[in-house]
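Below is my_file_15.txt, holding compact mmCIF, C-alpha atoms.
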```txt
# COMPACT_ATOMS: atom_id res chain seq x y z
CA MET A 1 12.15 -1.14 -8.46
CA GLY A 2 11.69 -1.07 -4.71
CA LEU A 3 14.76 1.13 -4.55
CA VAL A 4 13.28 3.43 -7.21
CA SER A 5 10.09 3.68 -5.18
CA ARG A 6 12.09 4.77 -2.14
CA VAL A 7 14.05 7.41 -4.07
CA VAL A 8 10.90 8.90 -5.62
CA GLU A 9 9.10 8.97 -2.28
CA LYS A 10 12.07 10.54 -0.53
CA ALA A 11 12.08 13.26 -3.19
CA GLY A 12 8.52 14.17 -2.20
CA ILE A 13 6.32 12.22 -4.62
CA PRO A 14 4.07 9.56 -3.04
CA THR A 15 4.37 6.07 -4.55
CA ILE A 16 2.41 2.86 -4.51
CA TYR A 17 4.15 -0.42 -5.35
CA VAL A 18 2.19 -3.29 -6.88
CA SER A 19 3.86 -6.48 -5.69
CA THR A 20 3.65 -10.08 -6.83
CA GLY A 21 6.65 -11.16 -4.73
CA ARG A 22 5.57 -10.69 -1.14
CA ASP A 23 8.80 -11.59 0.65
CA LEU A 24 10.99 -9.80 -1.90
CA THR A 25 8.96 -6.60 -1.47
CA LEU A 26 9.02 -6.71 2.32
CA GLN A 27 12.82 -7.03 2.22
CA VAL A 28 13.45 -3.91 0.15
CA LEU A 29 10.45 -2.19 1.76
CA PRO A 30 8.96 0.39 -0.62
CA PRO A 31 6.98 3.13 1.17
CA ARG A 32 3.55 1.64 0.31
CA SER A 33 2.77 -1.65 -1.32
CA ILE A 34 -0.12 -3.87 -2.22
CA PHE A 35 0.31 -7.61 -2.72
CA LEU A 36 -1.41 -9.84 -5.24
CA ASN A 37 -0.77 -13.56 -5.02
CA PHE A 38 -0.48 -13.82 -8.79
CA PRO A 39 2.42 -14.90 -11.00
CA MET A 40 5.30 -12.43 -11.05
CA GLY A 41 4.61 -9.63 -13.52
CA ASN A 42 0.88 -10.37 -13.80
CA PRO A 43 -0.46 -8.20 -10.95
CA PHE A 44 -3.59 -6.96 -12.70
CA GLY A 45 -4.82 -10.47 -13.37
CA ARG A 46 -5.92 -12.21 -16.51
CA PRO A 47 -5.77 -10.79 -20.04
CA HIS A 48 -8.93 -8.96 -21.08
CA ALA A 49 -10.52 -9.40 -17.62
CA VAL A 50 -11.38 -5.70 -17.70
CA ASN A 51 -13.54 -5.58 -14.57
CA MET A 52 -10.98 -7.39 -12.47
CA GLN A 53 -8.15 -5.20 -13.76
CA ARG A 54 -10.15 -2.11 -12.94
CA GLU A 55 -11.05 -3.40 -9.48
CA ILE A 56 -7.40 -4.14 -8.70
CA LEU A 57 -6.28 -0.73 -9.94
CA MET A 58 -8.97 0.88 -7.76
CA SER A 59 -7.64 -1.03 -4.74
CA VAL A 60 -4.11 0.09 -5.58
CA LEU A 61 -5.20 3.73 -5.65
CA GLN A 62 -7.24 3.40 -2.48
CA HIS A 63 -4.29 1.92 -0.63
CA ALA A 64 -2.21 4.88 -1.81
CA VAL A 65 -4.72 7.06 0.05
CA SER A 66 -5.25 4.94 3.14
CA ALA A 67 -1.69 3.79 3.95
CA LYS A 68 -0.37 5.82 6.87
CA GLU A 69 2.64 3.82 8.08
CA PRO A 70 5.95 3.85 6.14
CA GLY A 71 6.38 0.46 4.48
CA GLU A 72 2.74 -0.55 4.94
CA MET A 73 1.62 -3.48 2.77
CA THR A 74 -1.96 -4.53 2.06
CA ASP A 75 -2.84 -8.02 0.84
CA LEU A 76 -5.61 -8.31 -1.73
CA PRO A 77 -7.72 -11.46 -1.44
CA TYR A 78 -7.64 -12.63 -5.08
CA ASP A 79 -6.83 -16.23 -5.93
CA TRP A 80 -5.06 -17.10 -9.17
CA GLY A 81 -7.05 -20.31 -9.41
CA GLU A 82 -4.17 -22.59 -10.40
CA PRO A 83 -0.66 -23.28 -9.13
CA ILE A 84 1.77 -20.41 -9.63
CA LEU A 85 5.13 -21.32 -11.14
CA THR A 86 8.28 -19.25 -10.80
CA ILE A 87 10.21 -18.26 -13.88
CA MET A 88 12.99 -20.62 -12.74
CA GLU A 89 10.52 -23.45 -13.08
CA LEU A 90 9.08 -22.16 -16.33
CA GLN A 91 12.03 -21.38 -18.54
CA SER A 92 15.66 -20.53 -18.99
CA GLY A 93 15.64 -16.80 -18.32
CA TRP A 94 17.29 -17.26 -14.99
CA SER A 95 20.10 -19.39 -16.29
CA ALA A 96 21.07 -16.44 -18.47
CA SER A 97 21.97 -14.50 -15.33
CA ARG A 98 24.21 -17.12 -13.75
CA PRO A 99 27.16 -15.60 -11.92
CA ASP A 100 30.62 -16.16 -13.27
CA PRO A 101 31.60 -19.71 -12.18
CA THR A 102 35.12 -18.76 -11.11
CA THR A 103 34.55 -15.44 -9.35
CA GLY A 104 30.93 -16.01 -8.32
CA LYS A 105 30.17 -12.48 -9.42
CA GLN A 106 27.19 -11.46 -11.52
CA PRO A 107 28.15 -10.60 -15.09
CA THR A 108 27.97 -6.87 -15.74
CA MET B 109 -2.50 -20.68 -1.67
CA LYS B 110 0.49 -19.40 0.31
CA PRO B 111 2.61 -16.74 -1.41
CA ILE B 112 5.76 -18.16 -3.04
CA ASP B 113 8.88 -17.78 -0.92
CA TYR B 114 10.99 -16.20 -3.64
CA VAL B 115 13.95 -15.43 -1.40
CA THR B 116 14.40 -19.10 -0.58
CA ALA B 117 13.66 -20.16 -4.16
CA ILE B 118 16.30 -17.81 -5.54
CA ASP B 119 18.83 -18.62 -2.81
CA ASP B 120 18.34 -22.33 -3.49
CA TYR B 121 18.66 -21.77 -7.20
CA TYR B 122 22.04 -20.11 -6.83
CA GLN B 123 23.22 -22.54 -4.18
CA ASN B 124 22.36 -25.51 -6.39
CA LEU B 125 24.58 -24.01 -9.05
CA GLY B 126 27.37 -23.74 -6.49
CA TYR B 127 27.40 -19.95 -6.31
CA PRO B 128 27.53 -17.64 -3.32
CA ALA B 129 24.32 -16.39 -1.76
CA TYR B 130 22.65 -13.42 -3.42
CA ASP B 131 23.32 -10.19 -1.58
CA TRP B 132 19.79 -8.96 -0.85
CA THR B 133 18.97 -5.39 0.01
CA VAL B 134 17.13 -5.44 3.33
CA ASN B 135 15.53 -2.30 4.75
CA ASN B 136 13.79 -1.97 8.08
CA THR B 137 12.44 1.51 7.57
CA ALA B 138 11.00 3.32 4.57
CA PRO B 139 10.73 6.97 3.54
CA PHE B 140 7.19 8.32 3.47
CA THR B 141 5.53 11.30 1.82
CA PRO B 142 1.85 11.61 2.78
CA LEU B 143 -0.56 11.82 -0.14
CA GLU B 144 -2.19 15.15 0.68
CA LYS B 145 -4.57 15.38 -2.27
CA LYS B 146 -7.76 13.48 -2.91
CA LEU B 147 -7.55 10.94 -5.72
CA VAL B 148 -9.90 13.03 -7.82
CA GLU B 149 -7.33 15.83 -7.68
CA CYS B 150 -4.31 13.64 -8.39
CA ARG B 151 -2.27 13.46 -11.56
CA VAL B 152 -1.13 9.86 -11.67
CA SER B 153 1.84 8.38 -13.51
CA MET B 154 2.98 4.77 -13.75
CA LEU B 155 6.30 2.95 -14.15
CA THR B 156 6.77 -0.69 -15.02
CA SER B 157 9.93 -2.79 -15.17
CA GLY B 158 8.19 -5.34 -17.38
CA GLY B 159 10.35 -4.74 -20.46
CA ILE B 160 7.58 -3.11 -22.50
CA SER B 161 8.55 -0.90 -25.43
CA HIS B 162 6.44 1.07 -27.89
CA HIS B 163 6.84 -0.14 -31.47
CA THR B 164 8.51 3.16 -32.39
CA ARG B 165 11.38 2.38 -29.97
CA ALA B 166 14.03 -0.28 -29.82
CA PRO B 167 13.06 -3.47 -28.01
CA PHE B 168 14.52 -4.14 -24.55
CA ASN B 169 17.14 -6.84 -24.14
CA PRO B 170 15.20 -9.72 -22.58
CA VAL B 171 18.19 -10.87 -20.47
CA ALA B 172 19.41 -7.37 -19.61
CA LYS B 173 21.67 -6.72 -16.65
CA ASN B 174 22.20 -3.27 -15.21
CA ASP B 175 20.14 -1.69 -18.00
CA LEU B 176 19.33 1.81 -16.79
CA ARG B 177 17.22 2.65 -19.84
CA VAL B 178 13.93 4.36 -18.97
CA ASP B 179 11.47 5.09 -21.81
CA ASP B 180 8.74 7.67 -21.58
CA VAL B 181 5.40 6.37 -22.82
CA ASP B 182 2.73 8.67 -24.24
CA TYR B 183 -0.33 8.23 -22.02
CA ARG B 184 -2.56 8.08 -25.11
CA SER B 185 -0.69 5.06 -26.55
CA ASP B 186 -2.67 2.14 -27.89
CA ALA B 187 -2.12 -0.92 -25.68
CA GLU B 188 -1.57 -3.02 -28.80
CA ASP B 189 1.38 -0.93 -29.99
CA PHE B 190 3.89 -2.43 -27.55
CA GLU B 191 6.18 -5.39 -27.50
CA ILE B 192 7.51 -7.14 -24.43
CA ASN B 193 11.01 -8.52 -24.11
CA ASP B 194 11.79 -9.84 -20.66
CA ALA B 195 13.05 -13.34 -19.88
CA TYR B 196 12.63 -12.93 -16.12
CA TYR B 197 8.86 -13.30 -15.85
CA ASP B 198 6.06 -15.13 -17.59
CA THR B 199 5.00 -12.65 -20.27
CA ARG B 200 2.27 -14.72 -21.90
CA GLY B 201 -0.55 -12.81 -20.22
CA ALA B 202 1.00 -9.41 -20.80
CA ASN B 203 1.65 -10.27 -24.45
CA GLU B 204 -2.03 -10.95 -24.86
CA ASP B 205 -3.10 -7.83 -22.98
CA LEU B 206 -0.64 -5.15 -21.89
CA ASN B 207 -2.98 -4.11 -19.05
CA VAL B 208 -1.92 -7.21 -17.10
CA VAL B 209 1.38 -5.51 -16.26
CA PHE B 210 0.78 -1.93 -17.43
CA PRO B 211 -2.90 -1.02 -17.09
CA ILE B 212 -2.76 2.01 -19.35
CA GLU B 213 -6.34 1.59 -20.57
CA ARG B 214 -7.75 1.11 -17.07
CA LEU B 215 -5.89 4.20 -15.88
CA ARG B 216 -7.37 6.31 -18.70
CA GLU B 217 -10.83 4.98 -17.90
CA LEU B 218 -10.48 5.95 -14.23
CA ALA B 219 -9.50 9.46 -15.32
CA ALA B 220 -12.43 9.65 -17.76
CA ASP B 221 -14.78 8.47 -14.98
CA GLY B 222 -13.46 11.11 -12.59
CA VAL B 223 -11.94 8.67 -10.08
CA ILE B 224 -8.52 10.27 -10.51
CA GLY B 225 -7.81 13.81 -11.65
CA SER B 226 -5.77 12.90 -14.71
CA VAL B 227 -3.20 10.58 -16.18
CA ALA B 228 0.22 12.22 -16.50
CA LYS B 229 1.20 12.90 -20.11
CA ARG B 230 4.20 10.63 -19.74
CA LEU B 231 4.21 7.14 -18.28
CA TRP B 232 7.42 5.12 -17.89
CA SER B 233 9.02 1.79 -18.74
CA GLY B 234 12.46 0.95 -17.42
CA PHE B 235 14.69 -0.66 -14.78
CA MET B 236 13.90 -4.03 -16.36
CA GLY B 237 16.07 -7.12 -16.15
CA ARG B 238 18.52 -7.77 -13.35
CA THR B 239 20.10 -4.87 -11.51
CA TYR B 240 23.29 -5.50 -9.61
CA ASN B 241 24.65 -1.97 -9.74
CA ARG B 242 22.26 -0.55 -7.18
CA SER B 243 24.17 2.68 -6.59
CA ALA B 244 23.70 3.63 -10.27
CA VAL B 245 19.94 3.27 -9.76
CA VAL B 246 19.76 5.11 -6.47
CA GLU B 247 22.22 7.86 -7.31
CA GLU B 248 21.64 8.41 -11.03
CA ALA B 249 18.73 6.77 -12.84
CA ALA B 250 16.04 7.13 -10.18
CA PRO B 251 16.87 10.79 -9.39
CA ALA B 252 16.76 11.53 -13.15
CA LEU B 253 13.27 10.03 -13.26
CA VAL B 254 12.26 12.15 -10.25
CA GLY B 255 13.22 15.25 -12.24
CA GLU B 256 10.92 14.22 -15.09
CA LEU B 257 8.04 13.38 -12.74
CA LYS B 258 8.37 16.82 -11.18
CA LYS B 259 8.31 18.46 -14.61
CA ASP B 260 5.00 16.68 -15.23
CA GLU B 261 3.71 17.67 -11.76
CA VAL B 262 2.94 14.08 -10.85
CA ASP B 263 1.09 13.61 -7.54
CA LEU B 264 1.29 9.83 -7.34
CA LEU B 265 3.46 7.20 -9.03
CA ILE B 266 2.28 3.61 -9.42
CA LEU B 267 5.21 1.17 -9.70
CA VAL B 268 4.63 -2.20 -11.29
CA PRO B 269 7.69 -4.44 -10.96
CA ALA B 270 7.91 -7.61 -13.03
```
Can you present the structure in this file as structure tokens?
Amino acid sequence: MGLVSRVVEKAGIPTIYVSTGRDLTLQVLPPRSIFLNFPMGNPFGRPHAVNMQREILMSVLQHAVSAKEPGEMTDLPYDWGEPILTIMELQSGWSASRPDPTTGKQPT
Amino acid sequence: MKPIDYVTAIDDYYQNLGYPAYDWTVNNTAPFTPLEKKLVECRVSMLTSGGISHHTRAPFNPVAKNDLRVDDVDYRSDAEDFEINDAYYDTRGANEDLNVVFPIERLRELAADGVIGSVAKRLWSGFMGRTYNRSAVVEEAAPALVGELKKDEVDLLILVPA
């Protein structure tokens, strides 16, 4: 998705990337990003927390306006309120993408 | 709480299985297109890779690899008319309320309240799962999406990876 962000931006359409993986995002470096220290894939917070979701979306849009440096990331100060587990810790999804044991290559 | 170091977590995960290190894409510079319009003048679209599909479409493969499928999503869609199939993130919250990963209702509200100009007629769901064929994304699928965004005269794209 970071790569998609870069292609879209390069083609002349501004993008804003809503990250829950801070180090992953800074590696691929989308043009503008905002980081929420929430579980992966839950960037707008808790289900049905309408005000919080709206607030976060407002911050996302505002960063799209205010970011001036290519690759600029803003950290939002929200706290998830409990330990965040990775999907590797939570379930078996990752084991489904194990590389081939003999070649070490990812299955295609 | 400190952000999770996913790079190390993923590297360790593969190393513990006895596999070679993951070949990360690392960029030191980024392209940049200034947002010239005010938000209130912007037509905003949104793309998620969270494996969400409208009930009128086929579900995504939850363990997909190199799936270049990108669905258009009618901006008027009811948030309850989607299913989520993605084994690579914790979907419990998003299953309860789509807005957690794809804030379609919040976006419509901001348009109705005059914060943004409008929501683009088509929003997007795709690039889910694991992508190892990066050139297919950069050279084919992403440019195809750009073409559609231009047709819709989108001023700003929000990307929500999952």
Mind giving me the straight-line distance from atom CA of A:Ile56 to atom CA of B:Glu256 in Å, one decimal? 26.7 Å
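Using all atoms listed in the file, the residues found no farther than 7 Å from A:Ile13, other than those of its own chain fewer than 4 positions away, are Val8 and Glu9 of chain A; Thr141, Asp263 and Leu264 of chain B.
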Interface residues on chain A facing chain B, 6 Å, all atoms listed in the file, written as a PyMOL selection string: chain A and resi 4+8-10+12+14-18+27-29+31+37+40-42+44-45+47+54+70-71+87+93+104
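Interatomic distance, atom CA of B:Ser233 to atom CA of A:Met52: 22.9 Å.
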Min atom-atom distance to A:Leu61 from the set A:Ile34, A:Met73, A:Leu3, A:Met88, counting all atoms listed in the file, belongs to A:Ile34
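Once only C-alpha atoms are considered, the residues situated within 7 Å of the file point (3.4, -20.9, -8.4) turn out to be Pro39, Pro83, Ile84, Leu85 and Thr86 of chain A; Ile112 of chain B.
Checking A:Val7, A:Leu36, A:Glu69, A:Trp80 one by one against A:Leu57, counting all atoms listed in the file, you find the shortest gap at A:Leu36.
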